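Asks: Pasting in a structure now, in structure tokens, and then I'll have a few things to ask.
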Amino acid sequence: MDIARTQSALPENPEMADAAPEPRAPLLIRREDYTPFPWLVPEIALDFALGLEKTRVHAALTVQRNAAAPRSESIRLNGDGLTPIAVAVDGEAVNDWSVDGGDLILPLHGDSHLVEVTTQIDPLANSQLMGLYASGGMLCTQCEAEGFRRITFFPDRPDVLSTYRVRMEGPRSQFPVLLSNGNRVAQGDGEEGAHWAEWHDPWPKPSYLFALVAGDLVCNRDRFVTRSGREVELGIWVRESDLPRTVHAMQSLKNSMRWDEEAFGREYDLDLFNIVAVSDFNMGAMENKGLNIFNTKYVLADRGTATDADYDAIEGVIGHEYFHNWSGNRVTCRDWFQLSLKEGFTVLRDQLFSAAMGSEAIKRIEDVRVLRSIQFPEDSGPLAHPIRPDSYSEISNFYTATVYNKGAEVIRMMRTMAGTERFRRGTDLYFARHDGEAATCEDFVRAIEEGAELDLGRFRLWYAQAGTPKVSVAMDYADDAVTLRLRQLVPPTPGQPEKQPMPIPLRLALFDRESRAHRGEELVVLEEAEASFRFTGFAQRPVLSINRGFSAPVSIERRVDPADLVFLAQYDDDPFARYEAMQDLVVGHLCDAIGGGLDDAGMERGRDAILQAFSAVLADDGIDDLMRGELMILPSQTYLAEQMLVADPHAIHREREGLKRWLGAKLEAQLAALHDRAGEAADDTSPAARGARKLKTQALVYLAAGTPGHAAQRAAAQYDAATNMTDRQGALMVLAGLESPERSARLADFYDRYCGNALVIDKWFAIQAQSLHPDALAHVKALAEHPDFTLRNPNRVRSLYMAFAANPHAFHTADGEGYRMIADLILALDPINPQTAARFVPSLGRWRRIEPHRAGLMRAELERIAAAPGLSRDTSEQVSRSLA
Ligand code: B3K
Ligand code: ZN
């Protein structure tokens with residue numbers, strides 16, 4: 001079904017022209033325009049006659065006037081690409097309805113009514129993967145944010161909560177399993193091989209949490225007993241051949257359920273919790289009440305096909321979606337501007353969960369790395385927005401690292417200032433006070449403020465202001481006393497030229513150089529634009545460790561003696577601060593080198609300091625291999641570019657690779673010994689074995705830079721001997737960047753070995769697209785023609801093109817070919833899947849921060865996209881904001 005054409009083919013009904021007193025949604029939707037919906041819809045009954053190409057939907061809505069809203073003589077039911085087949089009010093067919101911008105407008109004059117609408121949809125033709133769509137022969141749904149309106153007419157907004165009763169019927173052979181939210185209350189046989197099931201969800205929910213799945217699936221079943229003794233049946237539904245790969249997901253689910261009881265006092269509230277894995281999915285997963293729908297990528301794992309990082313990601317996403325049951329479902333959002341209410345909070349919850357399941361230190365470092373490489377650039381570019389945006393044209397564009405990850409950081413700061421126990425009192429109050437409601441970010445802040453007894457007055461600015469604050473630090477030492485002078489600047493961002501200072505909590509410690517110890521950590525809060533803090537009793541000038549644990553999502557600007565960074569990299573007892581010192585050391589040196597400001601002596605001094613810190617890390621018995629591997633990771637090119645007003649991607653790549661090459665050559669013996677030592681480790685999932693695997697690949701990365709010939713043989717040996725995907729993928733990643741005979745043989749072997757396993761073939765595409773190989777761009781071009789490549793599967797698209805767009809040396813070739821490829825992709829994908837197409841715009845959108853020649857080429861591609869006819873709202877919003 002061509003949705004746009006169906007829409008415009010609707011018969012005009014001239015009589016209805018003046019029956020629409022409610023305004024339709026404007027092109028730009030503003031937070032300040034919020035008004036409650038004039039009607040409540042306490043109940044909805046849905047009846048689906050299922051078919052892949054033709055599904056008929058009958059919806060019966062019980063509607064009542066909302067006393068809290070202005071009276072209206074009509075109801076606007078949102079629709080997107082739908083044609084009403086039949087409309088009835090209180091059992092009588094009516095035809096005095098009209099359609100406006102896809103929505104159905106129906107006159108209603110009484111206080112309560114039963115509104116019935118029948119629609120028909122074509123799931124197989126739904127390539128946007130929003131609403132009801134087909135994936136691999138099954139039917140599934142995705143309704144957040146505005147997908148429900150592609151299934152039936154409904155007030156598709158998160159503040160309209162209803163209890164759902166869902167009946168579905170379809171051919172048993174095609175759809176042996178029929179699932180929806182809540183509990184199954186009845187089932188039976190229909191005519192001619194059909195069967196049906198009826199589901200009821202007792203918890204009122206907004207339409208974005210509705211879900212339906214029908215398909216040929218098998219179930220990994222387990223049970224969980226909640227702390228109050230409720231027995232919950234757990235099910236993970238997958239294709240039969242995938243069943244053995246659901247063990248880790250099930251364990252992660254049970255761990256999440258227990259952890260949420262212990263850490264946040266949250267218990268599960270239904271007798272059933274189902275997860276379904278689907279291969280075609282726009283994002284990671286979706287928290288539909290009692291029926292989570294997941295991208296297979298975040299469910300399926302076994303040691304032979306999933307890396308340690310994949311295992312962690314599955315645990316994190318399973319946790320994230322499960323935690324939404326309270327932070328999102330029991331307490332939902334009043335409107336989409338409040339998205340961070342559920343997403344920021346749930347990301348924080350999943351981060352704390354993963355930290356509790358594994359290493360807190362490593363988890364924190366990884367989370368900050370993600371924030372800096374994705375959110376910081378967003379915050380300093382044309383798409384910058386506050387965690388609670390003020391306006392949008394297409395809400396799908398606001399599922400961003402800012403709303404999610406910076407949102408989590410903002411709540412983490414509240415937790416840091418309150419302390420864990422008081423923060424918990426705040427969240428308890430929030431859940432108790434708003435259970436069953438559609439709440440706002442302000443409601444959340446107020447609950448934390450009252451429950452945790454914390455003044456968050458000016459802290460609220462973190463919700464309203466975009467941009468990463470810069471905090472400059474100057475330290476004076478005189479007469480036994482240290483004075484820290486802190487000054488903050490929140491940079492201007494689009495639409496927000498002027499900013500106010502925000503409270504910034506900074507954890508710090510002052511180290512004595514001789515004893516290498518400090519006398520306790522301090523928490524200072526920089527409330528104003530500037531402040532000084534004095535600490536006395538230091539016999540000599542101490543070494544400052546600041547923003548420990550990354551207590552605030554800011555960038556710290558200070559001039560530090562590299563010797564102090566080497567000291568902190570070796571002796572700081574805060575693992576994040578130790579990592580940070582390593583990063584600062586490298587960033588400082590590389591920025592000087594890239595800027596051309598280093599003579600030979602300066603270059604040597606900088607590299608020697610890094611070598612000293614690196615050698616210490618390699619040799620330090622006091623840290624485990626997971627941390628060692630972490631400390632060896634160089635700052636990303638994106639993060640380096642972020643330090644510069646205008647970046648030259650070529651120069652960044654050259655200097656960063658140059659340093660890697662130099663370190664690899666200098667440390668060849670130590671790295672080879674480490675690689676050998678790690679190769680002896682057990683092949684299990686213990687932290688020690690995981691650390692050894694991480695180290696092996698890190699060692700190879702440097703060796704490949706320093707001594708490529710030997711390294712290729714070493715990597716090939718690691719590949720051949722691998723008994724798990726972590727080792728195999730790590731080795732192949734390194735090989736893919738080298739020009740060596742081992743490269744092509746192992747790439748071919750990998751494809752043959754895993755052919756037919758979509759998730760592993762995704763890795764095969766991604767490894768080549770993100771490789772350091774000088775011909776990576778040509779490889780990507782060729783891979784786009786590979787028979788396994790398709791624009792219809794978002795995982796496959798991302799594995800080739802996201803990996804490519806995040807590979808600076810390939811993406812930023814001076815002739816603009818990389819930009820052209822991404823623009824061509826956006827144009828080709830937009831009519832198929834606008835949500836995924838729009839996700840590629842930010843890679844071109846950073847043109848203002850790139851050197852002028854490339855900037856011109858990037859901008860030209862954006863203009864080419866902007867000029868294309870029939871662009872989706874998703875892509876067109878992102879492109880026009882990027883050009884503004
Ligand atoms: N809430 C969903 C995201 C939906 C995105 C819609 N474009 C997954 C999550 O954050 O848990
Ligand atoms: Zn979420």
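Following the order of the structure tokens, chains are lettered A, B, ..., residues in each are numbered from 1, and ligands are numbered from 1.
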What do you get as a PyMOL selection string if you pick all residues at most 7 Å from ligand 2, counting only C-alpha atoms and all ligand atoms?

Replies: chain A and resi 320-321+324+342-343+346-347

Asks: If we count only C-alpha atoms, what is near Leu456 of chain A at a cut-off of 12 Å, once residues fewer than 6 positions away on the same chain are taken out, given as a list in words?

Replies: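 Answer for this query is Val410, Ile411, Met413, Met414, Arg415, Met417, Ala418, Glu442, Phe444, Val445, Arg446, Ala447, Ile448, Glu449, Glu450, Trp462, Tyr463, Met502, Pro503, Ile504 and Glu527 of chain A.
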
Asks: Write out as a PyMOL selection string the residues lying within 9 Å of segment 189-205 of chain A, counting only C-alpha atoms and excluding same-chain residues fewer than 6 positions away.

Replies: chain A and resi 42-43+47+158-173+175-176+178-183+269-270+289-290+329-330+332+436

Asks: Could you work out how far atom CA of Ile652 of chain A lies from atom CA of Arg859 of chain A, giving the answer in Å with one decimal?

Replies: 20.9 Å

Asks: Rank nothing, just name the residue among A:Asp592, A:Asp312, A:Glu144, A:Asp379 nearest to Asn288 of chain A, using only C-alpha atoms.

Replies: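 Result for the nearest residue to Asn288 of chain A: A:Glu144.
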
Asks: Compile a residue-level contact table for chain A against ligand 1 at a cut-off of 8 Å, reporting for every qualifying residue the shortest atom pair and its distance in Å to one decimal, with only C-alpha atoms and all ligand atoms counted, rows ordered by chain and ascending number, as a tab-separated table.

Replies:
residue	atom	partner	partner_atom_place_in_ligand_line	distance
A:Gln142	CA	ligand 1	6 (C)	7.8
A:Cys143	CA	ligand 1	6 (C)	7.5
A:Glu144	CA	ligand 1	6 (C)	4.7
A:Ala145	CA	ligand 1	6 (C)	5.2
A:Asn282	CA	ligand 1	7 (N)	7.4
A:Met283	CA	ligand 1	5 (C)	6.5
A:Gly284	CA	ligand 1	8 (C)	6.5
A:Ala285	CA	ligand 1	8 (C)	5.1
A:Met286	CA	ligand 1	8 (C)	4.4
A:Glu287	CA	ligand 1	11 (O)	5.7
A:Val317	CA	ligand 1	11 (O)	7.6
A:His320	CA	ligand 1	11 (O)	6.2
A:Glu321	CA	ligand 1	11 (O)	5.1
A:His324	CA	ligand 1	11 (O)	7.1
A:Glu343	CA	ligand 1	10 (O)	5.9
A:Thr346	CA	ligand 1	11 (O)	7.9
A:Ile395	CA	ligand 1	7 (N)	7.7
A:Ser396	CA	ligand 1	7 (N)	4.7
A:Asn397	CA	ligand 1	7 (N)	7.7
A:Tyr399	CA	ligand 1	5 (C)	6.2
A:Tyr404	CA	ligand 1	10 (O)	7.8
A:Gln835	CA	ligand 1	7 (N)	7.3

Asks: Identify, with DSSP run on backbone atoms, the residues in segment 209-254 of chain A assigned to strand (DSSP E), and express the list as a VMD selection string.

Replies: chain A and resid 212 to 215 218 to 225 231 to 238

Asks: Please dump the current selection as a PDB file, in the first residue's frame; keep N, CA and C atoms.

Replies:
ATOM      1  N   LEU A 212       1.534  -6.062  19.431  1.00  0.00           N
ATOM      2  CA  LEU A 212       0.932  -7.304  18.955  1.00  0.00           C
ATOM      3  C   LEU A 212       1.995  -8.052  18.162  1.00  0.00           C
ATOM      4  N   VAL A 213       2.026  -9.380  18.349  1.00  0.00           N
ATOM      5  CA  VAL A 213       2.947 -10.215  17.575  1.00  0.00           C
ATOM      6  C   VAL A 213       2.190 -11.450  17.130  1.00  0.00           C
ATOM      7  N   ALA A 214       2.340 -11.832  15.866  1.00  0.00           N
ATOM      8  CA  ALA A 214       1.737 -13.075  15.372  1.00  0.00           C
ATOM      9  C   ALA A 214       2.755 -13.739  14.474  1.00  0.00           C
ATOM     10  N   GLY A 215       3.101 -14.982  14.779  1.00  0.00           N
ATOM     11  CA  GLY A 215       4.104 -15.623  13.933  1.00  0.00           C
ATOM     12  C   GLY A 215       4.437 -17.028  14.378  1.00  0.00           C
ATOM     13  N   VAL A 218       9.109 -19.940  18.700  1.00  0.00           N
ATOM     14  CA  VAL A 218       9.207 -20.850  19.837  1.00  0.00           C
ATOM     15  C   VAL A 218       9.669 -20.046  21.047  1.00  0.00           C
ATOM     16  N   CYS A 219       9.523 -20.655  22.208  1.00  0.00           N
ATOM     17  CA  CYS A 219       9.694 -19.882  23.428  1.00  0.00           C
ATOM     18  C   CYS A 219      10.703 -20.519  24.376  1.00  0.00           C
ATOM     19  N   ASN A 220      11.624 -19.683  24.872  1.00  0.00           N
ATOM     20  CA  ASN A 220      12.437 -20.090  26.020  1.00  0.00           C
ATOM     21  C   ASN A 220      11.651 -19.631  27.250  1.00  0.00           C
ATOM     22  N   ARG A 221      11.186 -20.594  28.025  1.00  0.00           N
ATOM     23  CA  ARG A 221      10.313 -20.270  29.150  1.00  0.00           C
ATOM     24  C   ARG A 221      11.050 -20.420  30.470  1.00  0.00           C
ATOM     25  N   ASP A 222      10.741 -19.517  31.380  1.00  0.00           N
ATOM     26  CA  ASP A 222      11.348 -19.597  32.710  1.00  0.00           C
ATOM     27  C   ASP A 222      10.369 -18.945  33.677  1.00  0.00           C
ATOM     28  N   ARG A 223      10.763 -18.869  34.931  1.00  0.00           N
ATOM     29  CA  ARG A 223       9.871 -18.186  35.876  1.00  0.00           C
ATOM     30  C   ARG A 223      10.684 -17.364  36.859  1.00  0.00           C
ATOM     31  N   PHE A 224      10.007 -16.398  37.427  1.00  0.00           N
ATOM     32  CA  PHE A 224      10.649 -15.523  38.402  1.00  0.00           C
ATOM     33  C   PHE A 224       9.650 -15.289  39.521  1.00  0.00           C
ATOM     34  N   VAL A 225      10.110 -15.390  40.744  1.00  0.00           N
ATOM     35  CA  VAL A 225       9.222 -15.097  41.869  1.00  0.00           C
ATOM     36  C   VAL A 225       9.622 -13.748  42.442  1.00  0.00           C
ATOM     37  N   GLU A 231       4.337 -15.038  41.255  1.00  0.00           N
ATOM     38  CA  GLU A 231       5.057 -15.890  40.321  1.00  0.00           C
ATOM     39  C   GLU A 231       4.851 -15.359  38.899  1.00  0.00           C
ATOM     40  N   VAL A 232       5.937 -15.074  38.227  1.00  0.00           N
ATOM     41  CA  VAL A 232       5.845 -14.492  36.888  1.00  0.00           C
ATOM     42  C   VAL A 232       6.376 -15.488  35.865  1.00  0.00           C
ATOM     43  N   GLU A 233       5.578 -15.709  34.822  1.00  0.00           N
ATOM     44  CA  GLU A 233       6.043 -16.574  33.737  1.00  0.00           C
ATOM     45  C   GLU A 233       6.828 -15.706  32.756  1.00  0.00           C
ATOM     46  N   LEU A 234       8.020 -16.131  32.434  1.00  0.00           N
ATOM     47  CA  LEU A 234       8.862 -15.366  31.502  1.00  0.00           C
ATOM     48  C   LEU A 234       8.962 -16.121  30.184  1.00  0.00           C
ATOM     49  N   GLY A 235       8.910 -15.406  29.085  1.00  0.00           N
ATOM     50  CA  GLY A 235       9.049 -16.066  27.789  1.00  0.00           C
ATOM     51  C   GLY A 235       9.896 -15.232  26.850  1.00  0.00           C
ATOM     52  N   ILE A 236      10.863 -15.863  26.204  1.00  0.00           N
ATOM     53  CA  ILE A 236      11.609 -15.175  25.138  1.00  0.00           C
ATOM     54  C   ILE A 236      11.301 -15.904  23.847  1.00  0.00           C
ATOM     55  N   TRP A 237      10.651 -15.204  22.924  1.00  0.00           N
ATOM     56  CA  TRP A 237      10.132 -15.809  21.692  1.00  0.00           C
ATOM     57  C   TRP A 237      11.047 -15.509  20.522  1.00  0.00           C
ATOM     58  N   VAL A 238      11.451 -16.568  19.845  1.00  0.00           N
ATOM     59  CA  VAL A 238      12.374 -16.424  18.707  1.00  0.00           C
ATOM     60  C   VAL A 238      12.036 -17.457  17.636  1.00  0.00           C
TER      61      VAL A 238
END

Asks: With only C-alpha atoms as the atoms that count, which of A:Gly110, A:Ser882, A:Gly136, A:Asp608 lies nearest to Ala866 of chain A?

Replies: A:Ser882

Asks: Which residue is closest to Leu759 of chain A? Choose from A:Thr296, A:Arg839, A:Ser340, A:Glu521 and count only C-alpha atoms.

Replies: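 Of A:Thr296, A:Arg839, A:Ser340, A:Glu521, the one nearest Leu759 of chain A is A:Thr296, counting only C-alpha atoms.
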
Asks: What's around Ser799 of chain A at 7 Å? Count only C-alpha atoms, leave out sequence neighbours fewer than 2 positions away in its own chain, and write the answer as a tab-separated table (two decimals) with all heavy atoms, in the first residue's frame.

Replies:
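Dumped to part-v6.tsv:
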chain	number	residue	atom	x	y	z
A	762	ASP	N	26.30	-9.10	9.62
A	762	ASP	CA	26.36	-7.65	9.91
A	762	ASP	C	27.76	-7.26	10.37
A	762	ASP	O	28.28	-6.20	9.99
A	762	ASP	CB	25.36	-7.28	11.02
A	762	ASP	CG	23.91	-7.30	10.55
A	762	ASP	OD1	23.67	-7.23	9.33
A	762	ASP	OD2	23.01	-7.38	11.41
A	763	LYS	N	28.34	-8.08	11.21
A	763	LYS	CA	29.70	-7.79	11.69
A	763	LYS	C	30.68	-7.75	10.52
A	763	LYS	O	31.59	-6.92	10.47
A	763	LYS	CB	30.18	-8.86	12.68
A	763	LYS	CG	29.42	-8.90	14.00
A	763	LYS	CD	29.95	-10.05	14.84
A	763	LYS	CE	29.19	-10.24	16.14
A	763	LYS	NZ	29.27	-9.09	17.05
A	765	PHE	N	30.14	-6.98	7.44
A	765	PHE	CA	30.01	-5.70	6.72
A	765	PHE	C	30.67	-4.57	7.53
A	765	PHE	O	31.44	-3.78	6.99
A	765	PHE	CB	28.53	-5.37	6.50
A	765	PHE	CG	27.92	-6.05	5.29
A	765	PHE	CD1	27.23	-7.25	5.42
A	765	PHE	CD2	28.03	-5.49	4.04
A	765	PHE	CE1	26.67	-7.88	4.31
A	765	PHE	CE2	27.47	-6.10	2.91
A	765	PHE	CZ	26.79	-7.30	3.06
A	766	ALA	N	30.36	-4.54	8.83
A	766	ALA	CA	30.85	-3.42	9.66
A	766	ALA	C	32.37	-3.41	9.77
A	766	ALA	O	33.00	-2.36	9.71
A	766	ALA	CB	30.22	-3.48	11.05
A	795	ASN	N	19.41	-3.11	10.45
A	795	ASN	CA	20.70	-3.60	10.99
A	795	ASN	C	21.75	-3.65	9.89
A	795	ASN	O	22.90	-3.28	10.09
A	795	ASN	CB	20.55	-5.01	11.57
A	795	ASN	CG	19.87	-5.01	12.93
A	795	ASN	OD1	19.49	-3.96	13.43
A	795	ASN	ND2	19.71	-6.19	13.50
A	796	ARG	N	21.33	-4.12	8.71
A	796	ARG	CA	22.29	-4.25	7.61
A	796	ARG	C	22.73	-2.87	7.13
A	796	ARG	O	23.90	-2.62	6.87
A	796	ARG	CB	21.64	-5.08	6.48
A	796	ARG	CG	22.53	-5.55	5.37
A	796	ARG	CD	23.75	-6.37	5.77
A	796	ARG	NE	23.60	-7.47	6.70
A	796	ARG	CZ	23.29	-8.73	6.40
A	796	ARG	NH1	23.10	-9.07	5.16
A	796	ARG	NH2	23.21	-9.65	7.34
A	797	VAL	N	21.78	-1.96	7.02
A	797	VAL	CA	22.11	-0.60	6.58
A	797	VAL	C	23.11	0.04	7.55
A	797	VAL	O	24.13	0.60	7.15
A	797	VAL	CB	20.83	0.27	6.50
A	797	VAL	CG1	21.18	1.73	6.26
A	797	VAL	CG2	19.92	-0.25	5.40
A	801	TYR	N	26.74	1.37	6.54
A	801	TYR	CA	26.89	2.82	6.38
A	801	TYR	C	27.15	3.58	7.67
A	801	TYR	O	27.81	4.61	7.66
A	801	TYR	CB	25.68	3.39	5.65
A	801	TYR	CG	25.67	3.05	4.18
A	801	TYR	CD1	24.77	2.13	3.65
A	801	TYR	CD2	26.57	3.67	3.31
A	801	TYR	CE1	24.76	1.83	2.29
A	801	TYR	CE2	26.57	3.38	1.95
A	801	TYR	CZ	25.67	2.46	1.45
A	801	TYR	OH	25.67	2.18	0.11
A	802	MET	N	26.59	3.13	8.80
A	802	MET	CA	26.92	3.84	10.06
A	802	MET	C	28.38	3.61	10.39
A	802	MET	O	29.09	4.52	10.82
A	802	MET	CB	26.09	3.31	11.23
A	802	MET	CG	24.79	4.03	11.49
A	802	MET	SD	24.98	5.80	11.73
A	802	MET	CE	23.26	6.25	11.75
A	803	ALA	N	28.80	2.37	10.18
A	803	ALA	CA	30.21	2.06	10.46
A	803	ALA	C	31.10	2.92	9.55
A	803	ALA	O	32.12	3.46	9.99
A	803	ALA	CB	30.46	0.58	10.21

Asks: May I have the residues within 7 Å of segment 240-256 of chain A as a VMD selection string, using only C-alpha atoms and disregarding those fewer than 3 positions away in the same chain?

Replies: chain A and resid 217 to 218 220 224 259 to 260 299 to 302 314 to 315 318 to 319 322

Asks: Just to be explicit: take each residue in the selection above, keep N, CA, C and O atoms, and write the result as a compact mmCIF listing (two decimals), in the first residue's frame.

Replies:
# COMPACT_ATOMS: atom_id res chain seq x y z
N LEU A 217 6.82 -18.89 16.11
CA LEU A 217 7.90 -18.65 17.07
C LEU A 217 7.94 -19.74 18.12
O LEU A 217 6.91 -20.37 18.40
N VAL A 218 9.11 -19.94 18.70
CA VAL A 218 9.21 -20.85 19.84
C VAL A 218 9.67 -20.05 21.05
O VAL A 218 10.14 -18.92 20.90
N ASN A 220 11.62 -19.68 24.87
CA ASN A 220 12.44 -20.09 26.02
C ASN A 220 11.65 -19.63 27.25
O ASN A 220 11.46 -18.45 27.46
N PHE A 224 10.01 -16.40 37.43
CA PHE A 224 10.65 -15.52 38.40
C PHE A 224 9.65 -15.29 39.52
O PHE A 224 8.47 -15.04 39.26
N TRP A 259 17.37 -7.03 40.49
CA TRP A 259 18.10 -5.78 40.78
C TRP A 259 17.14 -4.61 41.00
O TRP A 259 17.34 -3.80 41.90
N ASP A 260 16.08 -4.54 40.20
CA ASP A 260 15.17 -3.39 40.33
C ASP A 260 14.43 -3.45 41.67
O ASP A 260 14.08 -2.41 42.23
N VAL A 299 19.13 -9.77 21.72
CA VAL A 299 18.60 -10.97 22.38
C VAL A 299 19.55 -12.16 22.17
O VAL A 299 19.89 -12.87 23.12
N LEU A 300 19.96 -12.36 20.92
CA LEU A 300 20.61 -13.62 20.57
C LEU A 300 22.12 -13.59 20.82
O LEU A 300 22.81 -12.67 20.35
N ALA A 301 22.60 -14.57 21.56
CA ALA A 301 24.05 -14.65 21.79
C ALA A 301 24.47 -16.06 22.15
O ALA A 301 23.77 -16.76 22.90
N ASP A 302 25.58 -16.49 21.60
CA ASP A 302 26.32 -17.60 22.18
C ASP A 302 27.80 -17.30 21.97
O ASP A 302 28.16 -16.38 21.23
N ILE A 314 23.52 -6.78 25.40
CA ILE A 314 22.26 -7.49 25.61
C ILE A 314 21.79 -7.30 27.06
O ILE A 314 20.64 -6.93 27.32
N GLU A 315 22.71 -7.50 27.98
CA GLU A 315 22.35 -7.33 29.39
C GLU A 315 21.81 -5.91 29.64
O GLU A 315 20.80 -5.72 30.31
N ILE A 318 18.29 -5.42 27.76
CA ILE A 318 17.24 -6.17 28.45
C ILE A 318 16.86 -5.44 29.74
O ILE A 318 15.69 -5.22 30.05
N GLY A 319 17.91 -5.01 30.47
CA GLY A 319 17.66 -4.26 31.70
C GLY A 319 16.88 -2.98 31.39
O GLY A 319 15.85 -2.70 32.00
N TYR A 322 13.27 -3.60 30.57
CA TYR A 322 12.55 -4.07 31.75
C TYR A 322 12.33 -2.91 32.73
O TYR A 322 11.23 -2.75 33.27

Asks: Find the residues around Leu40 of chain A up to 10 Å (only C-alpha atoms counted), leave out those fewer than 3 positions away in its own chain, and share them as a ChimeraX atom specification.

Replies: /A:36-37,43,61-69,112,155,159-162

Asks: To one decimal place in Å, what is the distance between atom CA of Ile275 of chain A and atom CA of Leu77 of chain A?

Replies: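 Distance between the two atoms: 29.7 Å.
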
Asks: Can you work out which one of A:Glu409, A:Glu360, A:Glu261, A:Asp96 has the shortest atom-to-atom distance to Phe345 of chain A, counting only C-alpha atoms?

Replies: A:Glu409

Asks: Per residue of segment 591-694 of chain A within 8 Å of segment 809-819 of chain A, note the shortest atom pair and the distance in Å to one decimal, counting only C-alpha atoms, and order the rows by chain and increasing residue number, as a tab-separated table.

Replies:
residue	atom	partner	partner_atom	distance
A:Pro649	CA	A:His812	CA	6.7
A:His650	CA	A:His809	CA	6.7
A:His653	CA	A:His809	CA	6.5

Asks: Tell me which of A:Leu489, A:Arg548, A:Tyr702, A:Ala689 sits closest to Glu528 of chain A, counting only C-alpha atoms.

Replies: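 Closest to Glu528 of chain A of all the choices is A:Leu489.
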
Asks: Find the residues around Asn724 of chain A up to 9 Å (only C-alpha atoms counted), leave out those fewer than 4 positions away in its own chain, and share them as a ChimeraX atom specification.

Replies: /A:302-307,683,728-729

Asks: Given the choices A:Arg149, A:Met627, A:Asp564, A:Leu695, which gets closest to Glu366 of chain A if the distance is worked out from only C-alpha atoms?

Replies: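 Of the candidates, the smallest distance to Glu366 of chain A is held by A:Met627.
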